[in-house]
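Peer 1: Pasting a structure here, questions to come.
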Amino acid sequence: MSEVPEPVHHGFEPNPFGPHHDPISSDPIHADVASPVEQPELVQLLTPEGERVEHPDYSIDLSAEEVQALYRDLALVRRVDVEATALQRQGELGIWASLLGQEAAQIGAGRALLPDDMAFPTYREHGVAWCRGIDPLSIIGLFRGCDSGSWDPIESKFSLYTIVIGAQTLHAVGYAMGMQRDEGQGACLAFFGDGATSQGDVNEAFIFAAVFDAPVVFFCQNNQYAISEPIEKQTRIPLYRRASGFGFPGIRVDGNDVLAVLAVTRRALEAARSGQGPTLIEAYTYRMGAHTTSDDPSRYRLASEMEAWKLKDPIERLKAYLVRSGQADAAFFDAIQAESDELAARVRSGTMEMPDPDPVSMFENTYAEITPYLEEQRDTFLAYQAGFSDQDSHA
Amino acid sequence: MSTSPVTLGKALNMGLRKAMEDDAKVLLMGEDIGKLGGVFRVTDGLQKDFGEDRVIDTPLAESGILGTAVGLAMRGFRPVVEIQFDGFVYPAYDQIVCQVAKLHARSRGRLPMSIVIRIPFGGGIGAVEHHSESPEAYFAHTAGLKVVACSNPVDAYWMIQQAIAHPDPIVFFEPKRRYWEKAELDTEATPEPLFASRLVREGSQVTVLAYGPMVKTALQAASAAEEEGISVEVLDLRTISPLDMGPVLASVRRTGRCVVVHEAPSNLGLGAELSARITEACFYELEAPVLRVGGYDTPYPPSKLEEDYLPDLDRVLEAVDRSLAF
Ligand SMILES: Cc1ncc(C[n+]2csc(CCOP(=O)(O)OP(=O)(O)O)c2C)c(N)n1
Ligand SMILES: [Mg+2]
């Protein structure tokens with residue numbers, strides 16, 4: 001009979017995480033790992049079929065005119081978006097980032113804003129821009145390469161588009177801290193995508209907002225993709241649940257239901273304005289188009305996925321509701337159609353007629369006052385350009 | 001053996017593939033580099049062939065990418081990181097400048113930092129903000145980092161492999177507007193060393209120094225100058241830090257005149273360093289001050305104005321003329 005060797009005592013406990021530790025699944029604290037697509041409570045007031053449903057915590061009471069106005073917003077911003085995509089295809093724009101499928105998320109959020117509130121967009125918030133009264137042609141100017149945002153961010157209460165992912169969320173918190181300090185009436189609404197939630201800036205924004213109780217609402221449009229990367233590449237839990245770790249409430253809303261988005265965003269903004277601090281809203285939606293006109297989604301997602309989301313289309317469902325509840329008739333929809341076509345025509349001709357910027361404008365506004373060295377460069381540039389026009393006129 | 005015309009983007013793809021075949025410790029990391037193959041398709045097909053553990057679609061966080069690359073490098077891996085566009089490297093700037101660049105020195109050589117940071121750079125593709133920048137000077141200014149830029153498919157193929165095999169961290173700039181340019185590539189040729197500048201066109205009157213996307217522009221300018229009877233010599237720097245001053249000084253000593261061309265703003269750009277070094281080394285052989293042709297000292301303008309902002313053939317020729325007129 002062989003003897004069992006005495007265990008050797010090294011004077012320390014065996015490493016519990018050594019090569020023979022139990023698989024992680026048997027560890028009780030790891031048993032509850034969630035999935036980012038798990039369907040938790042999702043605030044919905046309008047089903048995909050256009051049926052009005054009640055929610056225990058969120059309600060909304062809108063007149064027929066108000067619901068019609070929302071429909072008009074949705075239809076018009078989609079029409080502009082389709083036109084812009086076409087203009088890009090025809091070489092009139094350098095690129096276009098489509099909001100297709102996200103209209104309800106943006107209009108619901110945009111219409112929850114009050115005049116004193118300030119919005120901080122990414123590069124896709126054309127619907128929110130619309131709600132803030134920004135002319136679609138101003139948005140087009142950026143994508144045409146004429147400027148980097150020609151609207152007045154302070155006057156319109158709509159900050160400039162921000163392409164660097166997540167950066168604007170910190171700006172929103174800082175602006176909100178300013179509102180807190182000069183006793184402003186408003187709150188900030190910070191837009192960002194699902195991919196952006198991975199950025200340090202966004203997480204720092206959550207922390208600052210929480211610590212300073214800033215009047216800011218974080219509005220994440222989870223459109224399921226960051227270019228080609230599906231949401232699983234960014235998170236293991238539903239995004240709205242991130243908020244609890246930072247110490248403020250998070251909520252998931254059906255991002256294709258304009259009524260629910262409006263109700264949820266209104267409530268969160270009210271809470272922020274009344275000193276209750278930040279909220280994270282996850283608007284669960286879908287990017288129905290390519291990431292931008294430069295992208296080819298067939299490389300990374302199946303067409304069938306798109307088909308499933310088409311059934312949840314934000315505009316179709318509001319239309320179904322309006323019809324079903326008798327709040328709008330054919331004449332209403334015809335009128336909206338006509339207005340859309342008119343707007344699209346104006347966008348098209350306005351784009352074609354948009355003047356190229358004056359080259360010398362690139363030297364302007366680099367500083368509050370141009371520096372002598374830059375002035376020298378500008379003058380050299382002007383002389384150099386003039387040399388060409390001289391040549392042309394002599395030719 | 002393959003001698004066939006390939007694009008610069010494809011040459012990088014082939015070089016990455018070869019590096020991954022040669023060394024199992026080579027990993028690719030970045031945003032959208034897997035199924036999509038990167039927004040410029042430089043990593044096309046690599047995840048399919050090498051798996052998700054070696055071609056890693058990361059969360060959308062550049063600081064996270066570089067920070068984890070540091071840990072992987074400490075563990076003996078050779079991360080090759082793709083930054084999607086030049087203007088998006090800044091969230092990672094802290095990790096690159098404070099950690100990647102310094103850990104070899106801080107650990108007295110105990111921590112390997114074999115990281116390659118690939119950055120498509122420069123303008124000329126009609127893009128929106130942050131997609132057309134030339135941030136090379138920020139990195140060249142940082143001790144501990146090496147910085148190179150390829151200008152053509154053949155260099156792209158070899159330089160990426162050499163950079164990956166090199167022990168030091170390297171910021172590898174790729175001229176994005178030249179991704180689609182083609183050249184014959186002989187994958188069995190003997191490559192030139194990585195940190196060597198190259199004479200790409202002989203001439204006798206003015207030396208033009210360029211790298212990345214501006215090499216082609218400089219060569220076009222040299223051809224145009226020839227038609228006017230002016231002989232321009234062109235050097236492709238290839239390495240930005242360390243600079244390979246030997247060929248540069250030899251050329252400037254021959255011609256007595258030098259023009260440096262880059263897309264980055266002139267103020268404290270590579271041209272400033274080159275000008276200083278050339279002036280220090282061959283002051284008495286110079287017939288004219290070293291001249292710079294660069295972007296203006298303004299933010300990169302909206303794309304409708306980029307042709308006005310970027311150095312082009314005419315601006316290079318204008319500087320050549322000014323140099324000759326001294
Ligand atoms: C700091 C930074 N890194 C990378 C990019 C390139 N980029 C542009 S959009 C995008 C994906 C963003 O995804 P998400 O936050 O989900 O927003 P969505 O585009 O889906 O609206 C990436 C990686 C960028 N703009 N900024
Ligand atoms: Mg997204």
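Going by the structure tokens order, chains are called A, B, ..., each with residues numbered from 1, while ligands are numbered from 1 in the order shown.
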If you count only C-alpha atoms, which residues fall within 8 Å of B:Val232, apart from same-chain ones fewer than 2 positions away, as a PyMOL selection string?
Peer 2: chain B and resi 201-208+222+225-226+230+234
Peer 1: Only residues of chain B matter here; which ones have an atom within 7 Å of chain A, counting only C-alpha atoms? Give them as a ChimeraX atom specification.
Peer 2: /B:32,35-36,58-61,88,126-128,297-298,301-305,308
Peer 1: Which residues are near stretch 316-320 of chain A? Cut-off 10 Å, only C-alpha atoms, ignore same chain within fewer than 6 positions. Put them as a PyMOL selection string.
Peer 2: chain A and resi 46-52+67-68+70-71+74-75+104+256-259+310+326-328+333
Peer 1: DSSP on the backbone: what in stretch 142-265 of chain A comes out strand (DSSP E or B), as an NGL selection string?
Peer 2: :A and (158 or 188-193 or 216-222 or 225-226 or 229-230 or 250-254)
Peer 1: Please indicate the distance in Å from atom CA of B:Ile164 to atom CA of B:Asn13, rounded to one decimal place.
Peer 2: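 Straight-line distance from atom CA of B:Ile164 to atom CA of B:Asn13 works out to 13.2 Å.
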Peer 1: Find the residues near A:Thr169: any atom within 10 Å, counting only C-alpha atoms, skip ones fewer than 3 places away on the same chain, and give them as a ChimeraX atom specification.
Peer 2: /A:120-122,162,165-166,172-175,188-192,196,201-206,209,216-219
Peer 1: I'd like the interatomic distance between atom 15 (O, counted along the ligand's line) of ligand 1 and atom CA of A:Gln224, to a tenth of an Å.
Peer 2: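 Here the two named atoms are 9.4 Å from each other.
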Peer 1: From the list B:Arg322, B:Arg198, B:His262, B:Arg254, which residue is nearest B:Thr239 when using only C-alpha atoms?
Peer 2: B:Arg198
Peer 1: Enumerate the residues of stretch 123-284 of chain B with a DSSP assignment of alpha helix (DSSP H), computed from the backbone, and present them as a ChimeraX atom specification.
Peer 2: /B:136-140,153-165,214-227,245-255,270-282
Peer 1: Residues near stretch 334-345 of chain A, anyone? I mean within 9 Å using only C-alpha atoms, not counting same-chain ones fewer than 6 positions away, as number ranges by chain.
Peer 2: A: 71-72, 75-80, 82-84
Peer 1: Could you dump the residues just selected with all heavy atoms as a PDB file, in the first residue's frame?
Peer 2:
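Here's the written file selection_33.pdb:
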```pdb
ATOM      1  N   TYR A  71     -45.944  63.121 -35.644  1.00  0.00           N
ATOM      2  CA  TYR A  71     -45.885  62.368 -36.900  1.00  0.00           C
ATOM      3  C   TYR A  71     -45.220  63.219 -37.993  1.00  0.00           C
ATOM      4  O   TYR A  71     -44.372  62.742 -38.753  1.00  0.00           O
ATOM      5  CB  TYR A  71     -47.282  61.938 -37.349  1.00  0.00           C
ATOM      6  CG  TYR A  71     -47.227  61.171 -38.650  1.00  0.00           C
ATOM      7  CD1 TYR A  71     -46.950  59.806 -38.665  1.00  0.00           C
ATOM      8  CD2 TYR A  71     -47.386  61.834 -39.871  1.00  0.00           C
ATOM      9  CE1 TYR A  71     -46.847  59.106 -39.857  1.00  0.00           C
ATOM     10  CE2 TYR A  71     -47.277  61.146 -41.069  1.00  0.00           C
ATOM     11  CZ  TYR A  71     -47.013  59.786 -41.057  1.00  0.00           C
ATOM     12  OH  TYR A  71     -46.886  59.111 -42.243  1.00  0.00           O
ATOM     13  N   ARG A  72     -45.605  64.467 -38.023  1.00  0.00           N
ATOM     14  CA  ARG A  72     -45.031  65.374 -39.025  1.00  0.00           C
ATOM     15  C   ARG A  72     -43.511  65.451 -38.860  1.00  0.00           C
ATOM     16  O   ARG A  72     -42.747  65.342 -39.826  1.00  0.00           O
ATOM     17  CB  ARG A  72     -45.662  66.760 -38.867  1.00  0.00           C
ATOM     18  CG  ARG A  72     -45.067  67.819 -39.773  1.00  0.00           C
ATOM     19  CD  ARG A  72     -45.787  69.166 -39.610  1.00  0.00           C
ATOM     20  NE  ARG A  72     -45.086  70.211 -40.343  1.00  0.00           N
ATOM     21  CZ  ARG A  72     -44.096  70.940 -39.831  1.00  0.00           C
ATOM     22  NH1 ARG A  72     -43.691  70.743 -38.582  1.00  0.00           N
ATOM     23  NH2 ARG A  72     -43.504  71.866 -40.565  1.00  0.00           N
ATOM     24  N   ALA A  75     -41.909  62.201 -40.080  1.00  0.00           N
ATOM     25  CA  ALA A  75     -41.964  62.044 -41.535  1.00  0.00           C
ATOM     26  C   ALA A  75     -40.997  63.011 -42.217  1.00  0.00           C
ATOM     27  O   ALA A  75     -40.289  62.642 -43.155  1.00  0.00           O
ATOM     28  CB  ALA A  75     -43.389  62.267 -42.030  1.00  0.00           C
ATOM     29  N   LEU A  76     -40.953  64.242 -41.737  1.00  0.00           N
ATOM     30  CA  LEU A  76     -40.101  65.228 -42.403  1.00  0.00           C
ATOM     31  C   LEU A  76     -38.617  64.927 -42.201  1.00  0.00           C
ATOM     32  O   LEU A  76     -37.828  65.045 -43.123  1.00  0.00           O
ATOM     33  CB  LEU A  76     -40.433  66.650 -41.921  1.00  0.00           C
ATOM     34  CG  LEU A  76     -41.817  67.190 -42.298  1.00  0.00           C
ATOM     35  CD1 LEU A  76     -41.914  68.678 -41.972  1.00  0.00           C
ATOM     36  CD2 LEU A  76     -42.147  66.976 -43.774  1.00  0.00           C
ATOM     37  N   VAL A  77     -38.235  64.526 -40.987  1.00  0.00           N
ATOM     38  CA  VAL A  77     -36.798  64.270 -40.800  1.00  0.00           C
ATOM     39  C   VAL A  77     -36.368  63.029 -41.589  1.00  0.00           C
ATOM     40  O   VAL A  77     -35.258  62.981 -42.116  1.00  0.00           O
ATOM     41  CB  VAL A  77     -36.349  64.164 -39.316  1.00  0.00           C
ATOM     42  CG1 VAL A  77     -36.630  65.463 -38.570  1.00  0.00           C
ATOM     43  CG2 VAL A  77     -36.962  62.984 -38.603  1.00  0.00           C
ATOM     44  N   ARG A  78     -37.276  62.073 -41.719  1.00  0.00           N
ATOM     45  CA  ARG A  78     -36.902  60.915 -42.552  1.00  0.00           C
ATOM     46  C   ARG A  78     -36.773  61.339 -44.017  1.00  0.00           C
ATOM     47  O   ARG A  78     -35.845  60.922 -44.714  1.00  0.00           O
ATOM     48  CB  ARG A  78     -37.927  59.783 -42.431  1.00  0.00           C
ATOM     49  CG  ARG A  78     -37.594  58.621 -43.360  1.00  0.00           C
ATOM     50  CD  ARG A  78     -38.416  57.386 -43.119  1.00  0.00           C
ATOM     51  NE  ARG A  78     -38.101  56.736 -41.855  1.00  0.00           N
ATOM     52  CZ  ARG A  78     -38.605  55.561 -41.473  1.00  0.00           C
ATOM     53  NH1 ARG A  78     -39.447  54.928 -42.265  1.00  0.00           N
ATOM     54  NH2 ARG A  78     -38.271  55.034 -40.316  1.00  0.00           N
ATOM     55  N   ARG A  79     -37.657  62.194 -44.453  1.00  0.00           N
ATOM     56  CA  ARG A  79     -37.605  62.622 -45.861  1.00  0.00           C
ATOM     57  C   ARG A  79     -36.303  63.387 -46.141  1.00  0.00           C
ATOM     58  O   ARG A  79     -35.672  63.188 -47.181  1.00  0.00           O
ATOM     59  CB  ARG A  79     -38.828  63.494 -46.169  1.00  0.00           C
ATOM     60  CG  ARG A  79     -38.983  63.843 -47.630  1.00  0.00           C
ATOM     61  CD  ARG A  79     -39.245  62.596 -48.482  1.00  0.00           C
ATOM     62  NE  ARG A  79     -39.222  62.915 -49.916  1.00  0.00           N
ATOM     63  CZ  ARG A  79     -38.121  62.939 -50.647  1.00  0.00           C
ATOM     64  NH1 ARG A  79     -36.942  62.683 -50.107  1.00  0.00           N
ATOM     65  NH2 ARG A  79     -38.187  63.233 -51.945  1.00  0.00           N
ATOM     66  N   VAL A  80     -35.917  64.234 -45.213  1.00  0.00           N
ATOM     67  CA  VAL A  80     -34.659  64.971 -45.381  1.00  0.00           C
ATOM     68  C   VAL A  80     -33.488  63.989 -45.418  1.00  0.00           C
ATOM     69  O   VAL A  80     -32.573  64.103 -46.240  1.00  0.00           O
ATOM     70  CB  VAL A  80     -34.453  66.001 -44.237  1.00  0.00           C
ATOM     71  CG1 VAL A  80     -33.050  66.580 -44.271  1.00  0.00           C
ATOM     72  CG2 VAL A  80     -35.495  67.111 -44.319  1.00  0.00           C
ATOM     73  N   VAL A  82     -33.484  60.839 -46.315  1.00  0.00           N
ATOM     74  CA  VAL A  82     -33.465  60.091 -47.582  1.00  0.00           C
ATOM     75  C   VAL A  82     -32.891  60.976 -48.688  1.00  0.00           C
ATOM     76  O   VAL A  82     -32.076  60.538 -49.513  1.00  0.00           O
ATOM     77  CB  VAL A  82     -34.900  59.609 -47.930  1.00  0.00           C
ATOM     78  CG1 VAL A  82     -34.976  59.107 -49.363  1.00  0.00           C
ATOM     79  CG2 VAL A  82     -35.349  58.529 -46.949  1.00  0.00           C
ATOM     80  N   GLU A  83     -33.276  62.240 -48.665  1.00  0.00           N
ATOM     81  CA  GLU A  83     -32.782  63.162 -49.695  1.00  0.00           C
ATOM     82  C   GLU A  83     -31.271  63.359 -49.561  1.00  0.00           C
ATOM     83  O   GLU A  83     -30.543  63.393 -50.551  1.00  0.00           O
ATOM     84  CB  GLU A  83     -33.506  64.517 -49.571  1.00  0.00           C
ATOM     85  CG  GLU A  83     -33.393  65.393 -50.794  1.00  0.00           C
ATOM     86  CD  GLU A  83     -34.044  64.757 -52.026  1.00  0.00           C
ATOM     87  OE1 GLU A  83     -34.950  63.909 -51.876  1.00  0.00           O
ATOM     88  OE2 GLU A  83     -33.618  65.109 -53.144  1.00  0.00           O
ATOM     89  N   ALA A  84     -30.818  63.492 -48.321  1.00  0.00           N
ATOM     90  CA  ALA A  84     -29.384  63.695 -48.100  1.00  0.00           C
ATOM     91  C   ALA A  84     -28.589  62.476 -48.562  1.00  0.00           C
ATOM     92  O   ALA A  84     -27.515  62.607 -49.164  1.00  0.00           O
ATOM     93  CB  ALA A  84     -29.114  63.983 -46.628  1.00  0.00           C
TER      94      ALA A  84
END
```
Peer 1: From the set A:Ala290, A:Ala386, A:Leu113, A:Ile154, which residue has the shortest atom-to-atom contact distance to ligand 1, counting only C-alpha atoms and all ligand atoms?
Peer 2: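 Among the listed residues, A:Ala290 lies closest to ligand 1.
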Peer 1: Within 9 Å of B:Lys48, counting only C-alpha atoms, which residues show up once you throw out same-chain ones fewer than 4 positions away? Write them as a ChimeraX atom specification, please.
Peer 2: /B:34-35,44,52,55
Peer 1: Could you name the residues that touch A:Ile139 at 9 Å or less, counting only C-alpha atoms, but leaving out those on the same chain fewer than 5 positions away, as a VMD selection string?
Peer 2: chain A and resid 126 129 134 144 149 to 151 161
Peer 1: Please dump the current selection as a compact mmCIF listing (two decimals), in the first residue's frame; keep N, CA, C and O atoms.
Peer 2:
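Contents of result-v3.txt, as written:
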```txt
# COMPACT_ATOMS: atom_id res chain seq x y z
N HIS A 126 -29.80 64.53 -36.46
CA HIS A 126 -30.50 65.45 -37.36
C HIS A 126 -31.93 65.70 -36.90
O HIS A 126 -32.48 66.77 -37.12
N ALA A 129 -31.74 68.20 -34.10
CA ALA A 129 -31.45 69.51 -34.72
C ALA A 129 -32.75 70.13 -35.24
O ALA A 129 -33.01 71.32 -35.05
N ILE A 134 -32.98 74.04 -36.25
CA ILE A 134 -31.83 74.18 -37.15
C ILE A 134 -32.28 73.83 -38.57
O ILE A 134 -32.90 72.78 -38.78
N ARG A 144 -21.35 68.39 -46.57
CA ARG A 144 -20.89 68.76 -47.91
C ARG A 144 -19.44 69.24 -47.86
O ARG A 144 -18.78 69.36 -48.88
N GLY A 149 -20.14 73.19 -39.03
CA GLY A 149 -21.35 73.47 -38.24
C GLY A 149 -21.59 74.96 -38.26
O GLY A 149 -20.88 75.70 -37.59
N SER A 150 -22.61 75.41 -39.00
CA SER A 150 -22.75 76.85 -39.21
C SER A 150 -23.79 77.47 -38.29
O SER A 150 -24.00 78.67 -38.32
N TRP A 151 -24.45 76.65 -37.48
CA TRP A 151 -25.46 77.22 -36.60
C TRP A 151 -24.79 77.81 -35.35
O TRP A 151 -23.67 77.45 -35.00
N TYR A 161 -22.08 69.59 -33.75
CA TYR A 161 -21.91 68.15 -33.90
C TYR A 161 -20.52 67.77 -33.39
O TYR A 161 -19.56 68.51 -33.58
```
Peer 1: For a quick check of understanding, using only C-alpha atoms and all ligand atoms, which of A:Ser159, A:Gln276, A:Ser325, A:Asn223 has the smallest distance to ligand 2?
Peer 2: A:Asn223
Peer 1: Counting only C-alpha atoms and all ligand atoms, which residue out of A:Ile370, A:Ala383, A:Ala308, A:Ala97 sits closest to ligand 1?
Peer 2: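 Ranked by minimum distance to ligand 1, first place goes to A:Ala97.
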Peer 1: Which residue gives the smallest distance to ligand 1 among B:Glu136, B:Asp236, B:Glu129, B:Asp22, with only C-alpha atoms and all ligand atoms counted?
Peer 2: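 Checking each candidate against ligand 1, we get B:Glu129 as the closest.
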Peer 1: Out of B:Ile240, B:Met29, B:Leu145, B:Met113, which residue has the shortest atom-to-atom distance to B:Val70 when counting only C-alpha atoms?
Peer 2: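 With only C-alpha atoms as the atom set, the closest residue is B:Met113.
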Peer 1: Using Å and a single decimal, report how far atom CA of A:Thr293 sits from atom 16 (O, counted along the ligand's line) of ligand 1.
Peer 2: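 Going from atom 16 (O, counted along the ligand's line) of ligand 1 over to atom CA of A:Thr293, I get 15.8 Å.
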Peer 1: Produce a table with one row for each residue of chain B that has an atom at most 12 Å from any atom of ligand 1, each row naming the nearest atom pair and its distance in Å at one decimal; use only C-alpha atoms and all ligand atoms; arrange rows by chain and rising residue number; format as CSV.
Peer 2:
```
residue,atom,partner,partner_atom_place_in_ligand_line,distance
B:Gly30,CA,ligand 1,23 (C),9.4
B:Glu31,CA,ligand 1,23 (C),6.1
B:Asp32,CA,ligand 1,23 (C),7.4
B:Ile33,CA,ligand 1,23 (C),10.6
B:Leu36,CA,ligand 1,23 (C),12.0
B:Gly38,CA,ligand 1,23 (C),10.3
B:Val39,CA,ligand 1,6 (C),9.2
B:Asp57,CA,ligand 1,23 (C),10.8
B:Thr58,CA,ligand 1,23 (C),10.0
B:Pro59,CA,ligand 1,23 (C),9.0
B:Leu60,CA,ligand 1,23 (C),5.9
B:Ala61,CA,ligand 1,3 (N),6.8
B:Glu62,CA,ligand 1,3 (N),6.7
B:Ser63,CA,ligand 1,1 (C),9.3
B:Gly64,CA,ligand 1,1 (C),11.2
B:Ile65,CA,ligand 1,3 (N),10.9
B:Glu82,CA,ligand 1,4 (C),10.5
B:Ile83,CA,ligand 1,4 (C),7.7
B:Gln84,CA,ligand 1,4 (C),6.0
B:Phe85,CA,ligand 1,6 (C),7.0
B:Asp86,CA,ligand 1,3 (N),9.4
B:Gly87,CA,ligand 1,26 (N),7.6
B:Phe88,CA,ligand 1,1 (C),4.5
B:Val89,CA,ligand 1,1 (C),7.1
B:Tyr90,CA,ligand 1,1 (C),7.5
B:Pro91,CA,ligand 1,1 (C),6.4
B:Ala92,CA,ligand 1,1 (C),8.9
B:Tyr93,CA,ligand 1,1 (C),11.3
B:Ile119,CA,ligand 1,4 (C),11.9
B:Ala127,CA,ligand 1,25 (N),11.9
B:Val128,CA,ligand 1,25 (N),10.2
B:Glu129,CA,ligand 1,25 (N),9.4
B:His130,CA,ligand 1,25 (N),7.8
B:His131,CA,ligand 1,25 (N),8.6
```
